[in-house]
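Below is one structure, written out as structure tokens; the observations come after it.
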Amino acid sequence: MERAGIVTLDKRHVWHPYTAMETYIAETDPLVVVRSEGPYLHDADGKRYLDANGSWWVSTLGHRHPRLVKALVEQASTLAHASLAGITHEPAARLAAELVALAPGAERAEVPAEHRMTRVFYSDNGSTAVEVAIKMAAQYWAQNGRPERTRFITLSGAFHGETVGATSVGGVPLFREVFGPLLFDVVHVPSPAEEGGWERAFAEVERALREQGDSVAGVILEPVLQGAAGMQLYSPDFVRAVREATRAVDTFLIADEVFTGLGRTGARFACNLAGVVPDLLCLAKALSGGLLPFGATLATERVFSGFLGARSRALYYGHSYCGNPLGAAVAREVLAVYRDEDVPGQVARKAPRVKAAFERMAGTIPGLVRPRAIGMVGAVDLGSGGYLANGGWRVYEAARRRGLYLRPLGDTVYIAPALNIPDEALDALLQGVEDSLREVAGN
């Protein structure tokens with residue numbers, strides 16, 4: 001089908017995520033992607049685009065990494081799907097063992113057995129990985145002597161997914177206010193990335209735990225980097241302090257590493273930057289390398305043991321495709337590529353260039369503020385317009401003309417490319433972002 005026909009069908013029938021559809025249908029000339037490879041997307045007009053955000057943060061090894069494609073094809077030739085409801089298969093079993101071997105605290109002999117992350121519950125994506133963690137925490141306390149623990153503490157600006165439970169613990173007003181009547185009650189505290197820093201935010205967490213700890217099932221946070229809030233960075237000291245505070249009142253810490261996990265911040269997990277072991281840890285996105293939906297929730301032995309005993313104590317939750325063999329086989333190959341191609345080493349080498357580039361942009365282009373970077377994420381703001389502002393979209397159009405796919409977060413312009421992006425492609429990306437920002441600043 002030619003490009004025009006695809007766009008006609010799209011505008012007639014497709015409802016796009018995070019898109020004002022009236023404007024889209026009337027005004028947008030969308031990219032029509034027909035092929036992808038490495039850090040590039042190729043459109044129906046024959047033009048190549050650098051994928052600046054890894055197609056919503058999933059393609060950490062680039063598009064169609066040959067080893068991942070090979071693993072997918074080989075697995076599909078023998079077992080495409082089998083339910084995990086009381087049966088098992090090799091890819092899910094072996095992936096679980098590999099994940100717990102990599103989990104925070106796995107190499108630390110001083111971590112008590114009950115606090116080690118030893119169990120993996122599979123799901124479909126980041127939202128469901130968080131939903132699983134919420135239900136695990138709530139059910140654990142309900143059947144282990146603390147049924148009054150039903151509330152969660154969450155951060156301002158937090159984003160944990162799209163399902164109702166994940167939306168409840170979110171902190172971006174635009175994404176949650178319309179659903180207010182459907183959401184359960186949570187305790188919102190200031191983000192440690194806001195004015196006042198992590199000490200102010202922690203004081204609020206500590207106060208909430210002191211005053212309402214008997215009702216708190218857990219504290220959930222995106223460690224160190226809040227993605228959808230506009231790539232907001234905060235000190236690992238906050239994560240460490242919250243871990244100590246939750247231990248003091250004996251409640252759970254839930255780490256949402258759907259975005260930050262598997263090398264994005266320069267560490268295997270952002271929790272490692274703080275040296276903490278959470279009780280529950282959520283993974284998706286990078287876990288399957290952008291090939292297909294796949295999620296996992298890691299739990300400590302203590303959490304798992306709280307579901308043993310009578311059949312009524314089981315976690316009655318699951319998805320038809322949870323732990324599917326295709327996703328598990330690809331995820332295992334993702335972990336192997338990280339080892340064999342030294343992806344963490346690549347990030348360590350490239351991250352200073354990202355940081356320096358965004359600091360240079362903010363220092364030389366009028367109107368840019370708050371440059372920040374960690375690992376392979378770099379961001380800068382065009383003033384303080386927020387998520388619905390248009391400045392970032394003007395940069396998007398300028399970048400598109402230069403062969404970059406650079407989707408902003410309102411007036412936050414950021415990159416989160418493949419972790420293994422070739423050096424020459426990274427140079428082109430950083431230069432293209434700078435040129436696009438200069439064009440918009442000059443108009």
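To be explicit about the labels: the chains of the structure tokens are called A, B, and onward in the order shown, and within each one the residues are counted from 1, while ligands get numbers from 1 in the order they are shown.
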
Practice task
Give me the residues within 12 Å of stretch 206-213 of chain A as a VMD selection string, counting only C-alpha atoms and dropping any in the same chain fewer than 5 places off.
Solution key: chain A and resid 146 148 to 154 186 to 190 198 to 201 218 to 219 238 241 to 252

Can I get the selection written as a short mmCIF file (atom, residue, chain, number, x, y, z; two decimals), in the first residue's frame, with N, CA and C atoms?
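Saved to out.cif:
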data_model
loop_
_atom_site.label_atom_id
_atom_site.label_comp_id
_atom_site.auth_asym_id
_atom_site.auth_seq_id
_atom_site.Cartn_x
_atom_site.Cartn_y
_atom_site.Cartn_z
N ARG A 146 -1.94 -7.68 58.84
CA ARG A 146 -2.01 -6.22 58.79
C ARG A 146 -3.00 -5.78 57.72
N GLU A 148 -5.16 -3.60 57.60
CA GLU A 148 -5.42 -2.16 57.51
C GLU A 148 -4.42 -1.46 56.58
N ARG A 149 -3.39 -2.17 56.15
CA ARG A 149 -2.39 -1.56 55.26
C ARG A 149 -2.87 -1.65 53.81
N THR A 150 -3.50 -0.59 53.37
CA THR A 150 -4.08 -0.57 52.02
C THR A 150 -3.67 0.66 51.22
N ARG A 151 -2.89 1.57 51.81
CA ARG A 151 -2.53 2.81 51.12
C ARG A 151 -1.07 2.76 50.66
N PHE A 152 -0.79 3.58 49.65
CA PHE A 152 0.58 3.67 49.12
C PHE A 152 1.03 5.12 49.15
N ILE A 153 2.32 5.31 49.38
CA ILE A 153 2.94 6.62 49.30
C ILE A 153 3.61 6.71 47.94
N THR A 154 3.36 7.83 47.24
CA THR A 154 3.92 8.01 45.92
C THR A 154 4.37 9.46 45.74
N VAL A 186 -4.21 7.52 47.73
CA VAL A 186 -2.78 7.41 47.98
C VAL A 186 -2.30 8.65 48.72
N VAL A 187 -1.10 8.56 49.26
CA VAL A 187 -0.47 9.70 49.91
C VAL A 187 0.57 10.26 48.96
N HIS A 188 0.35 11.47 48.45
CA HIS A 188 1.31 12.11 47.56
C HIS A 188 2.29 12.97 48.38
N VAL A 189 3.56 12.82 48.08
CA VAL A 189 4.58 13.65 48.71
C VAL A 189 5.36 14.35 47.60
N PRO A 190 6.04 15.46 47.92
CA PRO A 190 6.78 16.19 46.88
C PRO A 190 7.85 15.31 46.24
N TRP A 198 15.90 16.62 47.87
CA TRP A 198 15.48 15.33 48.41
C TRP A 198 15.24 15.39 49.91
N GLU A 199 15.91 16.28 50.61
CA GLU A 199 15.72 16.34 52.06
C GLU A 199 14.28 16.74 52.40
N ARG A 200 13.75 17.74 51.67
CA ARG A 200 12.36 18.16 51.90
C ARG A 200 11.40 17.03 51.57
N ALA A 201 11.63 16.38 50.45
CA ALA A 201 10.75 15.28 50.05
C ALA A 201 10.81 14.14 51.06
N GLY A 218 2.98 0.27 51.19
CA GLY A 218 4.29 0.42 50.58
C GLY A 218 4.51 1.81 50.03
N VAL A 219 5.78 2.10 49.76
CA VAL A 219 6.18 3.32 49.08
C VAL A 219 6.65 2.91 47.69
N PHE A 238 18.04 9.97 48.38
CA PHE A 238 16.62 9.89 48.71
C PHE A 238 16.16 8.44 48.72
N ALA A 241 17.46 6.77 51.82
CA ALA A 241 16.75 7.20 53.03
C ALA A 241 15.37 6.58 53.11
N VAL A 242 14.66 6.50 51.99
CA VAL A 242 13.33 5.89 51.98
C VAL A 242 13.42 4.41 52.31
N ARG A 243 14.46 3.74 51.79
CA ARG A 243 14.63 2.33 52.13
C ARG A 243 14.80 2.14 53.63
N GLU A 244 15.58 2.97 54.25
CA GLU A 244 15.79 2.87 55.70
C GLU A 244 14.50 3.17 56.46
N ALA A 245 13.74 4.15 55.98
CA ALA A 245 12.51 4.53 56.67
C ALA A 245 11.45 3.43 56.55
N THR A 246 11.36 2.80 55.39
CA THR A 246 10.38 1.72 55.24
C THR A 246 10.78 0.51 56.07
N ARG A 247 12.05 0.25 56.18
CA ARG A 247 12.51 -0.84 57.06
C ARG A 247 12.13 -0.54 58.52
N ALA A 248 12.27 0.72 58.91
CA ALA A 248 12.01 1.09 60.31
C ALA A 248 10.56 0.83 60.70
N VAL A 249 9.61 1.00 59.77
CA VAL A 249 8.20 0.75 60.09
C VAL A 249 7.71 -0.57 59.50
N ASP A 250 8.65 -1.31 58.90
CA ASP A 250 8.35 -2.63 58.35
C ASP A 250 7.25 -2.59 57.29
N THR A 251 7.46 -1.73 56.29
CA THR A 251 6.58 -1.77 55.13
C THR A 251 7.44 -1.89 53.88
N PHE A 252 6.81 -1.98 52.71
CA PHE A 252 7.52 -2.36 51.50
C PHE A 252 7.98 -1.14 50.70
#

Exercise for the section: Would you please work out which residue, of A:Ala138, A:Pro147, A:Tyr234, A:Glu110, is nearest to A:Gly196 when using only C-alpha atoms? Expected result: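 Closest residue, counting only C-alpha atoms: A:Tyr234.
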
Exercise for the section: Tell me, in Å to one decimal, how far atom CA of A:Gly126 is from atom CA of A:His160. Expected result: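 The value is 7.7 Å.
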
Could I get the residues of stretch 65-180 of chain A with an atom no further than 7 Å from an atom of stretch 323-347 of chain A, each paired with its nearest atom pair and that distance in Å to one decimal, using only C-alpha atoms, sorted by chain and residue number, as a tab-separated table?
residue	atom	partner	partner_atom	distance
A:Leu68	CA	A:Val330	CA	5.7
A:Ala71	CA	A:Val330	CA	5.8
A:Leu72	CA	A:Val330	CA	5.8
A:Gln75	CA	A:Leu326	CA	6.0
A:Ala76	CA	A:Leu326	CA	6.5
A:Leu79	CA	A:Pro325	CA	6.7
A:Ala80	CA	A:Leu326	CA	5.9
A:His81	CA	A:Asn324	CA	5.5
A:Ala82	CA	A:Asn324	CA	6.5
A:Leu84	CA	A:Gly323	CA	6.8
A:Pro91	CA	A:Ala328	CA	5.3
A:Ala92	CA	A:Ala328	CA	5.5
A:Leu95	CA	A:Arg332	CA	5.7
A:Tyr122	CA	A:Gly323	CA	4.9
A:Ser123	CA	A:Gly323	CA	6.4

Selection file, all heavy atoms, as a CSV table (one decimal), in the first residue's frame:
chain,number,residue,atom,x,y,z
A,68,LEU,N,18.6,-10.9,18.7
A,68,LEU,CA,17.3,-11.0,19.2
A,68,LEU,C,16.3,-11.5,18.2
A,68,LEU,O,15.4,-12.4,18.6
A,68,LEU,CB,16.8,-9.6,19.7
A,68,LEU,CG,17.7,-8.8,20.7
A,68,LEU,CD1,17.0,-7.6,21.2
A,68,LEU,CD2,18.1,-9.7,21.8
A,71,ALA,N,16.9,-15.3,18.1
A,71,ALA,CA,16.3,-15.9,19.3
A,71,ALA,C,14.8,-16.1,19.1
A,71,ALA,O,14.2,-17.1,19.5
A,71,ALA,CB,16.7,-15.2,20.5
A,72,LEU,N,14.1,-15.0,18.6
A,72,LEU,CA,12.7,-15.0,18.4
A,72,LEU,C,12.3,-16.1,17.4
A,72,LEU,O,11.3,-16.9,17.6
A,72,LEU,CB,12.2,-13.6,18.0
A,72,LEU,CG,10.7,-13.5,17.7
A,72,LEU,CD1,9.9,-13.8,18.9
A,72,LEU,CD2,10.4,-12.1,17.2
A,75,GLN,N,12.8,-19.7,18.8
A,75,GLN,CA,11.8,-20.0,19.8
A,75,GLN,C,10.5,-20.3,19.1
A,75,GLN,O,9.8,-21.2,19.5
A,75,GLN,CB,11.7,-19.0,20.8
A,75,GLN,CG,10.8,-19.3,22.0
A,75,GLN,CD,11.2,-20.6,22.7
A,75,GLN,OE1,12.3,-20.8,23.1
A,75,GLN,NE2,10.2,-21.5,22.9
A,76,ALA,N,10.1,-19.5,18.1
A,76,ALA,CA,8.8,-19.6,17.4
A,76,ALA,C,8.7,-20.9,16.7
A,76,ALA,O,7.7,-21.5,16.5
A,76,ALA,CB,8.6,-18.4,16.5
A,79,LEU,N,8.2,-23.6,20.2
A,79,LEU,CA,7.1,-23.3,21.2
A,79,LEU,C,6.8,-21.8,21.2
A,79,LEU,O,7.6,-21.0,21.7
A,79,LEU,CB,7.5,-23.8,22.6
A,79,LEU,CG,6.5,-23.5,23.7
A,79,LEU,CD1,5.2,-24.2,23.5
A,79,LEU,CD2,7.1,-23.8,25.1
A,80,ALA,N,5.6,-21.5,20.6
A,80,ALA,CA,5.3,-20.0,20.6
A,80,ALA,C,4.6,-19.6,21.8
A,80,ALA,O,4.8,-18.5,22.3
A,80,ALA,CB,4.4,-19.8,19.4
A,81,HIS,N,3.7,-20.4,22.4
A,81,HIS,CA,3.0,-20.0,23.6
A,81,HIS,C,2.6,-21.2,24.4
A,81,HIS,O,2.2,-22.3,23.9
A,81,HIS,CB,1.8,-19.1,23.3
A,81,HIS,CG,1.1,-18.6,24.6
A,81,HIS,ND1,1.8,-17.9,25.5
A,81,HIS,CD2,-0.1,-18.8,25.0
A,81,HIS,CE1,1.0,-17.6,26.5
A,81,HIS,NE2,-0.2,-18.1,26.3
A,82,ALA,N,2.7,-21.1,25.7
A,82,ALA,CA,2.1,-22.0,26.7
A,82,ALA,C,1.8,-21.3,27.9
A,82,ALA,O,2.6,-20.5,28.4
A,82,ALA,CB,3.0,-23.2,26.9
A,84,LEU,N,1.4,-20.3,31.8
A,84,LEU,CA,2.2,-20.6,33.0
A,84,LEU,C,1.3,-20.9,34.2
A,84,LEU,O,1.8,-21.0,35.3
A,84,LEU,CB,3.1,-19.4,33.4
A,84,LEU,CG,4.4,-19.2,32.6
A,84,LEU,CD1,5.2,-18.1,33.2
A,84,LEU,CD2,5.2,-20.5,32.6
A,91,PRO,N,12.2,-21.4,28.7
A,91,PRO,CA,12.6,-20.0,28.6
A,91,PRO,C,12.2,-19.2,29.9
A,91,PRO,O,13.0,-18.4,30.4
A,91,PRO,CB,11.9,-19.5,27.4
A,91,PRO,CG,11.7,-20.7,26.5
A,91,PRO,CD,11.5,-21.8,27.5
A,92,ALA,N,11.0,-19.5,30.4
A,92,ALA,CA,10.6,-18.7,31.6
A,92,ALA,C,11.4,-19.1,32.8
A,92,ALA,O,11.7,-18.3,33.6
A,92,ALA,CB,9.1,-19.0,31.8
A,95,LEU,N,15.0,-17.7,32.4
A,95,LEU,CA,15.0,-16.3,32.5
A,95,LEU,C,14.9,-15.8,34.0
A,95,LEU,O,15.6,-14.9,34.4
A,95,LEU,CB,14.0,-15.6,31.7
A,95,LEU,CG,13.8,-14.1,31.8
A,95,LEU,CD1,15.1,-13.4,31.4
A,95,LEU,CD2,12.6,-13.6,31.0
A,122,TYR,N,5.7,-13.0,36.0
A,122,TYR,CA,5.7,-12.4,34.6
A,122,TYR,C,4.4,-11.7,34.3
A,122,TYR,O,3.3,-12.1,34.8
A,122,TYR,CB,6.0,-13.4,33.6
A,122,TYR,CG,7.3,-14.0,33.7
A,122,TYR,CD1,7.5,-15.4,34.0
A,122,TYR,CD2,8.5,-13.3,33.4
A,122,TYR,CE1,8.8,-15.9,34.1
A,122,TYR,CE2,9.7,-13.8,33.4
A,122,TYR,CZ,9.9,-15.1,33.8
A,122,TYR,OH,11.2,-15.7,33.8
A,123,SER,N,4.4,-10.7,33.5
A,123,SER,CA,3.2,-10.0,33.0
A,123,SER,C,3.5,-9.5,31.6
A,123,SER,O,4.4,-10.0,30.9
A,123,SER,CB,2.7,-8.9,33.9
A,123,SER,OG,3.7,-7.9,34.0

Give me, as JSON lines, the closest atom pair and its distance (Å, one decimal) for every residue of stretch 176-268 of chain A within a cut-off of 12 Å of stretch 349-357 of chain A, counting only C-alpha atoms, rows sorted by chain and rising number.
{"residue": "A:Gly263", "atom": "CA", "partner": "A:Ala351", "partner_atom": "CA", "distance": 11.2}
{"residue": "A:Arg264", "atom": "CA", "partner": "A:Ala351", "partner_atom": "CA", "distance": 10.0}
{"residue": "A:Thr265", "atom": "CA", "partner": "A:Ala351", "partner_atom": "CA", "distance": 8.9}
{"residue": "A:Gly266", "atom": "CA", "partner": "A:Ala351", "partner_atom": "CA", "distance": 7.7}
{"residue": "A:Ala267", "atom": "CA", "partner": "A:Ala351", "partner_atom": "CA", "distance": 11.5}

Practice task
Give me the residues within 9 Å of A:Arg394 as an MDAnalysis selection string, counting only C-alpha atoms and dropping any in the same chain fewer than 5 places off.
Solution key: chainID A and resid 399 436:437 440

Please produce a file of the residues just selected, as a compact mmCIF listing (two decimals), in the first residue's frame, where the atoms kept are N, CA and C atoms.
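Result file follows (part.txt):
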# COMPACT_ATOMS: atom_id res chain seq x y z
N ALA A 399 13.53 18.99 14.23
CA ALA A 399 14.35 17.78 14.25
C ALA A 399 13.93 16.82 13.13
N SER A 436 18.42 21.88 16.06
CA SER A 436 16.96 22.07 16.12
C SER A 436 16.59 23.05 17.22
N LEU A 437 17.23 22.95 18.36
CA LEU A 437 16.98 23.88 19.45
C LEU A 437 17.38 25.31 19.07
N VAL A 440 14.71 26.84 16.75
CA VAL A 440 13.49 27.25 17.46
C VAL A 440 13.78 28.48 18.32

Exercise for the section: Just the residues within 9 Å of A:Arg438, please, counting only C-alpha atoms, with nothing from its chain fewer than 5 positions along; format it as a PyMOL selection string. Expected result: chain A and resi 361+365-366+433+443

Practice task
Just the helix (DSSP H, G or I) stuff from stretch 31-139 of chain A, please, per backbone DSSP, written as number ranges by chain.
Solution key: A: 54-57, 66-76, 90-102, 113-115, 126-139

Convert the current residue selection to file output with N, CA and C atoms, as a CSV table (one decimal), in the first residue's frame.
chain,number,residue,atom,x,y,z
A,54,GLY,N,14.3,5.7,21.3
A,54,GLY,CA,14.2,4.3,21.4
A,54,GLY,C,12.8,3.8,21.3
A,55,SER,N,12.0,4.5,20.5
A,55,SER,CA,10.6,4.1,20.3
A,55,SER,C,9.9,3.9,21.6
A,56,TRP,N,9.8,5.0,22.4
A,56,TRP,CA,9.2,5.0,23.7
A,56,TRP,C,10.0,4.1,24.7
A,57,TRP,N,11.3,4.2,24.6
A,57,TRP,CA,12.2,3.7,25.6
A,57,TRP,C,12.4,2.2,25.6
A,66,PRO,N,20.2,-8.4,15.4
A,66,PRO,CA,20.2,-9.7,14.8
A,66,PRO,C,20.1,-10.9,15.7
A,67,ARG,N,20.7,-10.8,16.9
A,67,ARG,CA,20.7,-11.9,17.8
A,67,ARG,C,19.3,-12.0,18.5
A,68,LEU,N,18.6,-10.9,18.7
A,68,LEU,CA,17.3,-11.0,19.2
A,68,LEU,C,16.3,-11.5,18.2
A,69,VAL,N,16.4,-11.1,17.0
A,69,VAL,CA,15.6,-11.7,15.9
A,69,VAL,C,15.8,-13.2,15.8
A,70,LYS,N,17.1,-13.6,15.8
A,70,LYS,CA,17.4,-15.0,15.7
A,70,LYS,C,16.8,-15.8,16.9
A,71,ALA,N,16.9,-15.3,18.1
A,71,ALA,CA,16.3,-15.9,19.3
A,71,ALA,C,14.8,-16.1,19.1
A,72,LEU,N,14.1,-15.0,18.6
A,72,LEU,CA,12.7,-15.0,18.4
A,72,LEU,C,12.3,-16.1,17.4
A,73,VAL,N,13.0,-16.1,16.3
A,73,VAL,CA,12.6,-17.1,15.2
A,73,VAL,C,12.9,-18.5,15.7
A,74,GLU,N,14.0,-18.7,16.4
A,74,GLU,CA,14.3,-20.1,16.8
A,74,GLU,C,13.2,-20.5,17.9
A,75,GLN,N,12.8,-19.7,18.8
A,75,GLN,CA,11.8,-20.0,19.8
A,75,GLN,C,10.5,-20.3,19.1
A,76,ALA,N,10.1,-19.5,18.1
A,76,ALA,CA,8.8,-19.6,17.4
A,76,ALA,C,8.7,-20.9,16.7
A,90,GLU,N,11.0,-24.0,29.5
A,90,GLU,CA,12.4,-23.7,29.8
A,90,GLU,C,12.7,-22.2,29.7
A,91,PRO,N,12.2,-21.4,28.7
A,91,PRO,CA,12.6,-20.0,28.6
A,91,PRO,C,12.2,-19.2,29.9
A,92,ALA,N,11.0,-19.5,30.4
A,92,ALA,CA,10.6,-18.7,31.6
A,92,ALA,C,11.4,-19.1,32.8
A,93,ALA,N,11.6,-20.4,33.0
A,93,ALA,CA,12.4,-20.9,34.1
A,93,ALA,C,13.8,-20.3,34.1
A,94,ARG,N,14.5,-20.4,32.9
A,94,ARG,CA,15.9,-20.0,32.9
A,94,ARG,C,16.0,-18.5,33.0
A,95,LEU,N,15.0,-17.7,32.4
A,95,LEU,CA,15.0,-16.3,32.5
A,95,LEU,C,14.9,-15.8,34.0
A,96,ALA,N,14.0,-16.5,34.7
A,96,ALA,CA,13.8,-16.1,36.1
A,96,ALA,C,15.1,-16.3,36.9
A,97,ALA,N,15.8,-17.4,36.7
A,97,ALA,CA,17.0,-17.6,37.4
A,97,ALA,C,18.1,-16.6,37.0
A,98,GLU,N,18.1,-16.2,35.8
A,98,GLU,CA,19.1,-15.1,35.3
A,98,GLU,C,18.7,-13.8,35.9
A,99,LEU,N,17.4,-13.5,36.0
A,99,LEU,CA,17.0,-12.2,36.5
A,99,LEU,C,17.4,-12.1,38.0
A,100,VAL,N,17.1,-13.1,38.8
A,100,VAL,CA,17.4,-13.0,40.2
A,100,VAL,C,18.9,-13.0,40.5
A,101,ALA,N,19.6,-13.6,39.6
A,101,ALA,CA,21.1,-13.5,39.7
A,101,ALA,C,21.6,-12.1,39.5
A,102,LEU,N,20.9,-11.3,38.7
A,102,LEU,CA,21.3,-9.9,38.4
A,102,LEU,C,20.7,-8.9,39.3
A,113,ALA,N,18.5,-13.5,53.9
A,113,ALA,CA,17.9,-14.4,52.9
A,113,ALA,C,16.5,-13.9,52.6
A,114,GLU,N,15.7,-13.5,53.6
A,114,GLU,CA,14.4,-13.1,53.4
A,114,GLU,C,14.2,-11.8,52.6
A,115,HIS,N,15.3,-11.0,52.5
A,115,HIS,CA,15.3,-9.7,51.8
A,115,HIS,C,15.9,-9.9,50.4
A,126,GLY,N,4.9,-2.7,31.3
A,126,GLY,CA,5.3,-2.0,32.5
A,126,GLY,C,4.1,-1.7,33.5
A,127,SER,N,2.9,-1.3,32.9
A,127,SER,CA,1.8,-1.1,33.7
A,127,SER,C,1.4,-2.3,34.5
A,128,THR,N,1.3,-3.4,33.8
A,128,THR,CA,0.9,-4.7,34.6
A,128,THR,C,2.0,-5.1,35.5
A,129,ALA,N,3.3,-4.8,35.3
A,129,ALA,CA,4.3,-5.2,36.2
A,129,ALA,C,4.1,-4.4,37.5
A,130,VAL,N,3.7,-3.1,37.4
A,130,VAL,CA,3.4,-2.3,38.6
A,130,VAL,C,2.1,-2.8,39.2
A,131,GLU,N,1.1,-3.1,38.4
A,131,GLU,CA,-0.2,-3.6,39.0
A,131,GLU,C,0.1,-4.8,39.8
A,132,VAL,N,0.9,-5.7,39.3
A,132,VAL,CA,1.2,-6.9,40.1
A,132,VAL,C,1.8,-6.6,41.4
A,133,ALA,N,2.8,-5.6,41.4
A,133,ALA,CA,3.5,-5.2,42.7
A,133,ALA,C,2.5,-4.6,43.7
A,134,ILE,N,1.6,-3.8,43.2
A,134,ILE,CA,0.5,-3.2,44.0
A,134,ILE,C,-0.3,-4.3,44.7
A,135,LYS,N,-0.7,-5.3,43.9
A,135,LYS,CA,-1.6,-6.3,44.4
A,135,LYS,C,-0.8,-7.3,45.3
A,136,MET,N,0.4,-7.5,45.0
A,136,MET,CA,1.3,-8.3,45.9
A,136,MET,C,1.4,-7.7,47.3
A,137,ALA,N,1.7,-6.4,47.3
A,137,ALA,CA,1.9,-5.7,48.6
A,137,ALA,C,0.6,-5.7,49.4
A,138,ALA,N,-0.5,-5.3,48.7
A,138,ALA,CA,-1.8,-5.2,49.4
A,138,ALA,C,-2.3,-6.6,49.9
A,139,GLN,N,-2.1,-7.6,49.1
A,139,GLN,CA,-2.6,-9.0,49.6
A,139,GLN,C,-1.7,-9.5,50.6

Problem - Contacts of A:Gly5 at 12 Å (only C-alpha atoms; same-chain gap of 6+ positions) as a PyMOL selection string - result: chain A and resi 11-12+32+44

Practice task
Find the residues around stretch 380-393 of chain A up to 8 Å (only C-alpha atoms counted), leave out those fewer than 5 positions away in its own chain, and share them as a list in words.
Solution key: Phe358, Ala362, Gly367, Leu368, Val369, Arg370, Pro371, Arg372, Arg407, Pro408, Leu409, Gly410, Asp411, Thr412, Val413, Tyr414 and Val440 of chain A

Exercise for the section: Identify all residues of stretch 162-357 of chain A in strand (DSSP E) (DSSP on the backbone) and supply them as number ranges by chain. Expected result: A: 186-189, 216-221, 225-226, 232-233, 252-256, 280-283, 295-300

Fill in the blank from the handout: Restricting to only C-alpha atoms, whichever of A:Leu429, A:Val33, A:Val239, A:Ala418 is closest to A:Leu406 is A:Leu429

Handout entry: Distance criterion (only C-alpha atoms): nearest to A:Lys285 out of A:Leu61, A:Ala20, A:Ile87, A:Leu253
Key =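 Among the listed residues, A:Leu61 lies closest to A:Lys285.
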
Practice task
List the neighbours of A:Phe304 out to 9 Å using only C-alpha atoms; skip same-chain residues closer than 4 positions along the sequence, and give me the result as a VMD selection string.
Solution key: chain A and resid 118 to 119 136 140 299 to 300 308

Problem - For atom CA of A:Pro39 and atom CA of A:His16, the interatomic separation in Å (one decimal) - result: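 It comes out at 23.1 Å.
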